[in-house]
Amino acid sequence: MRSMISLASARGLFRITSIACGRGCVNKLASMGIMPGEVVRVINNGSGPVMVEVKGSRVAIGRGVAMKIYGEEL
Amino acid sequence: MKELKVAIIGNPNVGKTTLFNALTGEKQHVGNWPGVTVEKIEGYGKVDGVRVHYIDLPGVYSLSAYSIDEKIARDFILTENPDVVVDIVDATNLERNLYLTLQLLELKANVVIALNFMDEVEKRRMDIDVKKLQEFLGIKVVPVVAREGKGIEELKRAILETARHGVIRKVEVGYGRDVERAILEIEGMLADERIKCRHCPFAKLCLGSDRERHWVSTRLLEGDDEANKVVDREIALRAMELRRELEKKYGDMAAYFAKKRYELIGSIVRQCLKMEEMEETFSDRMDRVLLDKYLGIPIFFVIMWLAFKLTFDVAAPFTLLIEKLFDELGKWVAGSIPNETMASLIGEGIIGGVGSVLVFVPNIFLLFFILALLEDSGYMARAAFVMDRVMYRIGLHGKAFIPMLLGFGCNVPAIMATRTMEDERDRLLAIMINPLMSCSARLPVYVLFAGIFFAGKEAGVIMSMYLLGILLAVMMALLLRKFLFQGKPSPFIMEMPPYRLPTLRNIVSTTWNRGKMFIKKAGTIILLGVIIIWFLANFPDGGIEESFLAMIGKAMQPLFAPLGWSWRAVVALLAGVVGKEIVVGSLGALYGGNLSSALAADFTQVEAFAYMAFVLIYVPCIATIAAIWQETRSIKWPLFTITYEILLAYGVALAIVAIGGLI
């Protein structure tokens with residue numbers, strides 16, 4: 001089911017299908033390994049930024065951006 | 001061999017500073033990159049008798065040039081052509097770190113990899129086949145443990161060898177037939193002499209070599225705005241056309257290029273790295289508590305309160321000592337100079353004035369020490385994480401919170417602390433509102449006036465000043481976001497580094513490098529300021545009543561008549577520009593005798609409250625103005641801050657008097 005990463009539950013896996021933020025933002029995310037096709041682990045998702053594990057590192061994504069990262073929970 | 005130029009690059013939090021220190025020793029030059037506010041650190045070292053000039057590039061994840069840091073790093077490599085680029089790679093996080101490496105290789109730089117944190121690799125039961133990695137990447141890979149100084153000599157040798165012989169083998173990323181064909185077409189257009197690049201800032205270098213042509217065509221297809229700017233319109237349009245076509249088939253090109261790079265990295269890493277499935281790490285367990293939905297914010301405030309208290313409590317005795325020292329020194333010098341004017345200039349003016357600023361040195365060094373501690377341990381990133389939500393609402397970046405908090409101590413280090421922010425506009429905004437955070441120098445003024453006019457209610461009245469400052473800062477942030485720095489704060493995307501034990505050496509060196517700037521730069525400007533004020537207060541006649549300062553005060557007084565203040569109060573405000581605590585001293589000198597009763601006779605309660613508010617808001621002190629100037633590298637921003645703060649101060653004071661008159 002299509003969802004966004006801001007709705008994903010902590011400690012679950014999430015497969016990214018598309019990212020709808022601006023070009024600079026897409027590029028920055030991609031350089032950190034967050035891009036369509038990637039499976040990331042959601043570490044923390046409370047009321048602030050969403051923290052994910054991707055390619056061995058932890059990255060915090062502000063909620064504004066997190067709402068634009070679509071995909072599905074696995 | 002001539003002097004070697006070696007650039008040091010790497011992702012943030014890979015131990016870049018530590019390695020840089022190990023390579024250069026203590027002698028470093030800290031400055032800014034031309035035109036921007038990003039810190040530039042340079043140093044020198046020697047390898048086999050060859051002098052090496054090391055330049056520390058900003059910590060970046062890629063060379064896309066979407067942030068100032070990335071642009072600086074990329075421009076430096078393209079235009080300065082360093083002999084060698086040392087890429088520091090976090091061995092515990094190979095995959096993500098190699099992304100930058102690959103981009104460096106695409107730029108055809110002479111890269112040497114310093115594979116840092118090799119000790120942690122063993123601890124985590126990972127195994128990296130360094131020889132294989134070297135073979136796949138075609139460049140020298142040197143394992144190091146920077147904080148223990150291990151592998152540094154080997155690294156130096158690898159630098160020298162690469163400078164002499166270049167990389168072992170050139171590696172290319174394959175982007176697939178369709179994309180490569182498009183790259184080739186653009187390259188052809190760029191090589192065509194009839195189409196010249198018009199706006200390239202590096203006219204001579206611009207697209208002159210195969211290397212630059214290849215890089216620029218790749219970037220054009222990736223949809224890079226910077227690349228678009230440097231090429232002819234015709235080429236940019238064709239590139240866009242090609243990109244649109246490719247995107248129909250392959251999806252977003254930026255993501256496509258990233259994917260291809262990561263594919264190559266993935267295949268390399270799979271063959272060089274053996275690791276066991278990672279269980280929950282120490283960092284994850286720490287984060288579960290420190291970033292908790294409910295506990296996160298309270299814990300953050302406790303840590304900040306501790307940091308704050310430590311800064312001022314530990315500094316207090318030293319501050320007192322310095323104060324006493326300058327006091328005695330001033331008296332002694334003044335006493336031993338026969339010429340009365342000279343004695344006054346040197347004793348009261350220079351020594352007293354400079355001393356009143358140097359008393360902040362212990363505070364500033366301690367603040368920087370604690371900041372470096374929090375930064376090195378990995379907590380600073382968490383603080384930004386925790387506060388991001390609140391800050392976003394008022395148009396500020398999550399990272400702006402720490403500088404605002406530090407402002408309660410002293411605005412100078414607070415403004416310097418905004419350096420951690422990547423986006424220029426976010427940073428400027430954070431700097432502009434910082435002087436509204438009531439620093440400790442303003443406290444003596446509040447204490448004096450609250451004691452006289454609000455006896456019994458001092459604490460509440462003083463507190464109201466701090467709250468007023470915060471309120472105005474929030475208001476200004478919203479206003480500036482709306483009119484000057486339009487748009488939203490840059491997206492919050494931040495790596496959370498693993499928690500690491502900070503090393504004392506590193507923290508001390510960071511503290512010293514940042515702190516000495518305060519002594520040097522602010523010190524020189526302050527010196528000039530106090531001499532001017534002293535001159536104005538003592539000439540033409542010697543007595544303050546007939547001095548230039550008094551003339552200015554009397555001339556300006558009508559401006560402040562609606563607020564009900566006398567010329568003496570106005571003069572004190574003028575002197576307070578040097579440092580706001582000087583307001584108190586000046587009032588003492590101007591009124592003479594019993595200050596409390598004199599003030600009580602000269603101000604009404606409402607006027608006194610308005611005066612306190614005015615002291616809170618008006619012109620930041622000289623040291624702060626200097627800090628804003630130095631950090632923004634432009635006279636425009638300190639002037640803007642001064643202007644808006646004077647207008648705001650006057651408006652608020654007038655509103656207080658008006659509303660007070662009604663009650």
# chains A, B, ... in the order shown; residues from 1 in each chain; ligands from 1
>>> closest_atom_pairs(of="stretch 6-61 of chain A", to="stretch 221-231 of chain B", cutoff="10 Å", atoms="only C-alpha atoms", output="CSV")
residue,atom,partner,partner_atom,distance
A:Arg23,CA,B:Gly223,CA,8.1
A:Gly24,CA,B:Asp224,CA,8.7
A:Asn27,CA,B:Glu222,CA,9.2
>>> closest_atom_pairs(of="chain A", to="chain B", cutoff="8 Å", atoms="only C-alpha atoms", output="tab-separated table")
residue	atom	partner	partner_atom	distance
A:Arg23	CA	B:Ala254	CA	7.8
A:Gly24	CA	B:Tyr66	CA	5.9
A:Cys25	CA	B:Pro491	CA	7.1
A:Val26	CA	B:Ala255	CA	7.2
A:Asn27	CA	B:Ala254	CA	6.0
A:Lys28	CA	B:Tyr66	CA	7.6
A:Leu29	CA	B:Ile493	CA	7.6
A:Ala30	CA	B:Ala258	CA	5.9
A:Ser31	CA	B:Ser62	CA	5.9
A:Met32	CA	B:Arg96	CA	6.3
A:Gly33	CA	B:Arg96	CA	6.7
A:Met35	CA	B:Ala255	CA	6.3
A:Pro36	CA	B:Ala255	CA	7.4
A:Asn44	CA	B:Arg288	CA	7.7
A:Gly46	CA	B:Lys293	CA	5.3
A:Ser47	CA	B:Lys293	CA	6.3
A:Gly48	CA	B:Arg389	CA	5.5
A:Pro49	CA	B:Phe385	CA	6.5
A:Lys55	CA	B:Arg96	CA	6.0
A:Gly56	CA	B:Asn93	CA	5.7
A:Ser57	CA	B:Asn93	CA	6.6
A:Arg58	CA	B:Met496	CA	5.3
A:Val59	CA	B:Glu495	CA	4.2
A:Ala60	CA	B:Met494	CA	5.2
A:Ile61	CA	B:Ile493	CA	4.7
A:Gly62	CA	B:Phe492	CA	4.7
A:Gly64	CA	B:Pro491	CA	7.3
A:Val65	CA	B:Pro491	CA	6.5
>>> select_by_dssp(residues="stretch 207-308 of chain B", states="helix (DSSP H, G or I)", output="PyMOL selection string")
chain B and resi 210-222+225-230+233-250+253-272+282-290+296-308
>>> residues_around(residues="stretch 417-419 of chain B", least_positions_apart="6", cutoff="10 Å", atoms="only C-alpha atoms", output="number ranges by chain")
B: 37-39, 367-368, 371, 399-404, 406-407, 411, 426-431, 434, 514, 631
>>> atom_distance(atom1="atom CA of A:Arg15", atom2="atom CA of A:Val50")
14.7 Å
>>> select_by_dssp(residues="stretch 2-40 of chain A", states="strand (DSSP E)", output="list in words")
Ser3, Met4, Leu13, Phe14, Arg15, Ile16, Thr17, Ser18, Ile19, Val39 and Val40 of chain A
